[in-house]
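J.: Here you go, one structure.
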Amino acid sequence: MDHLLAIKVFCRVVEAGTFSRAADLLDIPKSTVTKLVQELEAHLQLKLLHRTTRRVTVTMEGAAYYERTNKLLHELEDIESNISNEQRTPRGRLKVDMASAIANFILLPALPSFIQQYPEIQLELGVSDTNIDLLTDNVDCVIRGGELSDTSLIAKRIAELKFVTCAAPRYLQQYGTPQTPDDLSSNHRIIYYRSRKTNRVMPLRFSNKQQSMEIQQQGSQLSVNDSTAQLTATLNGLGVSQLPLFMAQPYIDKGQLQLIMTNWQRAAFPLYLIYPHERHLSGRLRAFTTWVMDIFQPYRPY
């Protein structure tokens with residue numbers, strides 16, 4: 001028995017007054033109406049309707065059952081209508097988490113267009129360089145970089161971030177300009193990025209047509225666990241850094257940072273929009289996903 005259909009049929013019989021009229025209104029055979037009502041009565045072990053040759057009347061138990069189930073059917077219709085409307089006009093809370101640099105340099109400057117397009121979405125933006133658990137922290141989606149390990153989540157590749165090696169002009173005037181990774185490792189101060197989660201210092205990575213190598217000085221003078229802080233330290237002449245190009249470019253254009261060792265490159269860093277594996281996306285998450293893909297389009301080489 002289709003329980004929900006049986007309830008709908010029963011309610012329509014009560015409203016129509018006859019099985020034939022209910023069948024016509026529902027556009028199903030009268031025999032199906034009769035069968036579903038009988039199955040519902042058998043399931044409930046109650047007599048819901050008194051049948052005569054011309055009309056049906058509702059028993060006392062049937063009237064009470066009709067009153068409560070009819071109310072629930074209307075509430076279900078309202079829920080389905082609201083969800084359908086939410087798909088067409090996204091609304092409600094959307095909780096998103098991302099790294100500080102992504103938020104401050106890419107997403108927040110573009111956010112006015114999202115707010116204008118989706119004024120009924122309330123965006124809660126978490127900004128940190130710490131990987132969080134989407135389910136535990138009740139987050140709808142995150143934007144994170146690097147290779148993925150959790151295959152239970154859906155990940156859309158939204159960008160390939162280029163990195164550059166750079167330093168402030170005043171640092172280079174004082175310490176000179178390194179030409180090779182060995183020169184950098186031996187004679188210069190490096191500002192390292194340190195993982196907030198593991199406290200591990202991330203090495204600088206370089207490659208050219210002949211070789212690839214990493215630099216990680218022991219006992220480095222300065223490491224930071226926030227990419228925006230790393231940029232600030234570099235701008236203030238504290239050392240050499242590898243930074244995402246989108247962060248460094250405005251300061252390179254102003255002459256506040258200078259590219260070095262341009263013949264040694266670092267591999268691009270993949271960036272993903274990640275959300276729980278659900279069969280149906282909410283309208284607000286679908287809208288945010290589409291918008292994010294658009295604003296990150298300049299950062300995709302494909």
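A note on labels: chains of the structure tokens are A, B, ... as shown, every chain counts residues from 1, and ligands are counted from 1 in their shown order.
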Would you pick out the contacts of region 223-226 of chain A at 10 Å or less, using only C-alpha atoms, so that residues sharing its chain but fewer than 5 positions from it are not included, and give the list as a list in words?

T.: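 Close residues of region 223-226 of chain A: Ala99, Ser100, Ala101, Ser128, Asp129, Thr130, Ile190, Ile191, Tyr192, Tyr193, Arg194, Ser195, Arg196, Lys197, Asn199, Arg200, Val201, Met202, Leu231 and Ala233 of chain A.
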
J.: Once you count only C-alpha atoms, what closest atom pair and distance in Å to one decimal does each residue of region 70-143 of chain A within 12 Å of region 149-171 of chain A have, with rows by chain and rising residue number, as JSON lines?

T.:
{"residue": "A:Ala101", "atom": "CA", "partner": "A:Leu161", "partner_atom": "CA", "distance": 11.8}
{"residue": "A:Ile102", "atom": "CA", "partner": "A:Leu161", "partner_atom": "CA", "distance": 10.6}
{"residue": "A:Ile106", "atom": "CA", "partner": "A:Ala159", "partner_atom": "CA", "distance": 11.7}
{"residue": "A:Asn131", "atom": "CA", "partner": "A:Asp150", "partner_atom": "CA", "distance": 11.8}
{"residue": "A:Asp133", "atom": "CA", "partner": "A:Asp150", "partner_atom": "CA", "distance": 10.5}
{"residue": "A:Leu134", "atom": "CA", "partner": "A:Leu153", "partner_atom": "CA", "distance": 9.2}
{"residue": "A:Leu135", "atom": "CA", "partner": "A:Leu153", "partner_atom": "CA", "distance": 10.3}
{"residue": "A:Asp140", "atom": "CA", "partner": "A:Leu153", "partner_atom": "CA", "distance": 11.4}
{"residue": "A:Cys141", "atom": "CA", "partner": "A:Ala155", "partner_atom": "CA", "distance": 9.6}
{"residue": "A:Val142", "atom": "CA", "partner": "A:Ala155", "partner_atom": "CA", "distance": 9.5}
{"residue": "A:Ile143", "atom": "CA", "partner": "A:Ile158", "partner_atom": "CA", "distance": 9.0}

J.: Next, write the just-selected residues to a file, as a PDB file, in the first residue's frame, keeping C-alpha atoms as the atom set.

T.:
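Output below, filename selection_16.pdb:
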ATOM      1  CA  ALA A 101      43.563  35.009   1.477  1.00  0.00           C
ATOM      2  CA  ILE A 102      40.746  33.606  -0.666  1.00  0.00           C
ATOM      3  CA  ILE A 106      38.972  37.211  -4.252  1.00  0.00           C
ATOM      4  CA  ASN A 131      40.498  22.685   7.712  1.00  0.00           C
ATOM      5  CA  ASP A 133      34.734  19.141   9.439  1.00  0.00           C
ATOM      6  CA  LEU A 134      31.686  20.136   7.399  1.00  0.00           C
ATOM      7  CA  LEU A 135      29.244  17.880   9.224  1.00  0.00           C
ATOM      8  CA  ASP A 140      27.294  23.964   3.902  1.00  0.00           C
ATOM      9  CA  CYS A 141      30.520  24.167   1.905  1.00  0.00           C
ATOM     10  CA  VAL A 142      34.189  25.118   2.104  1.00  0.00           C
ATOM     11  CA  ILE A 143      36.760  26.435  -0.346  1.00  0.00           C
TER      12      ILE A 143
END

J.: For the structure I just gave you, how does DSSP split region 71-282 of chain A - specifically, which residues are strand (DSSP E or B)? Reply as JSON, numbers by chain.

T.: {"A": [92, 93, 94, 95, 96, 97, 98, 121, 122, 123, 124, 125, 126, 127, 141, 142, 143, 144, 145, 153, 154, 155, 156, 157, 158, 159, 160, 161, 163, 164, 165, 166, 167, 190, 191, 192, 193, 194, 201, 202, 204, 205, 206, 207, 212, 213, 214, 215, 222, 223, 224, 240, 241, 242, 243, 244, 258, 259, 265, 269, 270, 271, 272, 273, 274, 275, 276]}

J.: Residues within 6 Å of region 89-94 of chain A, please, as a tab-separated table (two decimals) with all heavy atoms, in the first residue's frame. Count only C-alpha atoms; anything in the same chain fewer than 5 positions from it doesn't count.

T.:
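Saved the output as result-v1.tsv:
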chain	number	residue	atom	x	y	z
A	120	GLU	N	18.04	37.35	-0.70
A	120	GLU	CA	17.38	36.62	0.38
A	120	GLU	C	18.24	35.51	0.97
A	120	GLU	O	17.78	34.74	1.80
A	120	GLU	CB	16.05	36.05	-0.13
A	120	GLU	CG	15.05	37.13	-0.53
A	120	GLU	CD	13.70	36.56	-0.90
A	120	GLU	OE1	13.11	35.88	-0.05
A	120	GLU	OE2	13.25	36.79	-2.04
A	121	ILE	N	19.49	35.41	0.52
A	121	ILE	CA	20.43	34.45	1.12
A	121	ILE	C	21.24	35.17	2.20
A	121	ILE	O	21.82	36.22	1.95
A	121	ILE	CB	21.37	33.85	0.06
A	121	ILE	CG1	20.58	33.01	-0.94
A	121	ILE	CG2	22.46	32.99	0.72
A	121	ILE	CD1	21.42	32.39	-2.03
A	122	GLN	N	21.24	34.60	3.39
A	122	GLN	CA	22.05	35.15	4.49
A	122	GLN	C	23.36	34.35	4.56
A	122	GLN	O	23.37	33.19	4.97
A	122	GLN	CB	21.32	35.04	5.83
A	122	GLN	CG	20.07	35.92	5.94
A	122	GLN	CD	18.84	35.26	5.36
A	122	GLN	OE1	18.53	34.12	5.69
A	122	GLN	NE2	18.12	35.96	4.51
A	123	LEU	N	24.43	34.98	4.15
A	123	LEU	CA	25.72	34.31	4.05
A	123	LEU	C	26.49	34.45	5.36
A	123	LEU	O	26.73	35.56	5.83
A	123	LEU	CB	26.53	34.90	2.89
A	123	LEU	CG	27.82	34.17	2.50
A	123	LEU	CD1	27.51	32.76	2.02
A	123	LEU	CD2	28.54	34.94	1.39
A	283	GLY	N	18.70	25.26	-3.15
A	283	GLY	CA	18.80	26.34	-4.14
A	283	GLY	C	19.89	27.33	-3.80
A	283	GLY	O	20.59	27.82	-4.69
A	284	ARG	N	20.07	27.62	-2.51
A	284	ARG	CA	21.09	28.61	-2.13
A	284	ARG	C	22.50	28.07	-2.36
A	284	ARG	O	23.38	28.82	-2.80
A	284	ARG	CB	20.88	29.06	-0.69
A	284	ARG	CG	20.84	27.95	0.35
A	284	ARG	CD	20.36	28.46	1.71
A	284	ARG	NE	20.27	27.37	2.67
A	284	ARG	CZ	19.19	26.61	2.81
A	284	ARG	NH1	18.14	26.79	2.03
A	284	ARG	NH2	19.17	25.65	3.72

J.: Write out as a PyMOL selection string all residues of region 48-207 of chain A that backbone DSSP assigns to helix (DSSP H, G or I).

T.: chain A and resi 60-88+100-117+169-175+181-187

J.: What is the CA of Arg55 (chain A)-CA of Glu75 (chain A) distance in Å, reported with one decimal?

T.: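 These two atoms are separated by 28.7 Å.
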
J.: Kindly give the distance, in Å, that separates CA of Glu124 (chain A) and CA of Lys95 (chain A), rounded to a single decimal.

T.: 4.7 Å

J.: Using only C-alpha atoms, which of A:Ser207, A:Tyr299, A:Tyr275, A:Leu172 sits nearest Gln256 (chain A)?

T.: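 Closest residue, counting only C-alpha atoms: A:Leu172.
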
J.: Between A:Arg54, A:Ser31, A:Gln258, A:Leu36, which has the minimum distance to Gly17 (chain A) (counting only C-alpha atoms)?

T.: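 Closest candidate: A:Arg54.
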
J.: Given the choices A:Ile252, A:Gln230, A:Phe269, A:Met293, which gets closest to Arg144 (chain A) if the distance is worked out from only C-alpha atoms?

T.: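 Selected residue with least distance to Arg144 (chain A): A:Phe269.
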
J.: Write out as a PyMOL selection string which residues come within 9 Å of Asn70 (chain A) when counting only C-alpha atoms, dropping same-chain ones fewer than 3 positions away.

T.: chain A and resi 7-8+11+65-67+73-75

J.: Since we have the selection now, will you write its residues out, keeping N, CA and C atoms, as a short mmCIF file (atom, residue, chain, number, x, y, z; two decimals), in the first residue's frame?

T.:
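What landed in part-v1.cif:
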data_model
loop_
_atom_site.label_atom_id
_atom_site.label_comp_id
_atom_site.auth_asym_id
_atom_site.auth_seq_id
_atom_site.Cartn_x
_atom_site.Cartn_y
_atom_site.Cartn_z
N ILE A 7 -3.97 7.92 2.12
CA ILE A 7 -4.48 9.01 2.96
C ILE A 7 -5.08 10.11 2.09
N LYS A 8 -4.39 10.46 0.99
CA LYS A 8 -4.90 11.49 0.08
C LYS A 8 -6.24 11.06 -0.52
N CYS A 11 -9.06 11.26 2.13
CA CYS A 11 -9.48 12.64 2.36
C CYS A 11 -10.33 13.17 1.21
N TYR A 65 -9.70 11.12 12.15
CA TYR A 65 -8.53 10.80 11.30
C TYR A 65 -8.42 11.79 10.15
N TYR A 66 -9.57 12.12 9.55
CA TYR A 66 -9.58 13.09 8.45
C TYR A 66 -9.07 14.46 8.90
N GLU A 67 -9.54 14.91 10.04
CA GLU A 67 -9.16 16.24 10.53
C GLU A 67 -7.64 16.36 10.69
N LEU A 73 -1.54 16.93 5.38
CA LEU A 73 -1.38 17.01 3.92
C LEU A 73 -1.19 18.45 3.46
N HIS A 74 -1.93 19.38 4.07
CA HIS A 74 -1.76 20.79 3.72
C HIS A 74 -0.38 21.30 4.13
N GLU A 75 0.09 20.86 5.30
CA GLU A 75 1.43 21.25 5.74
C GLU A 75 2.49 20.69 4.80
#
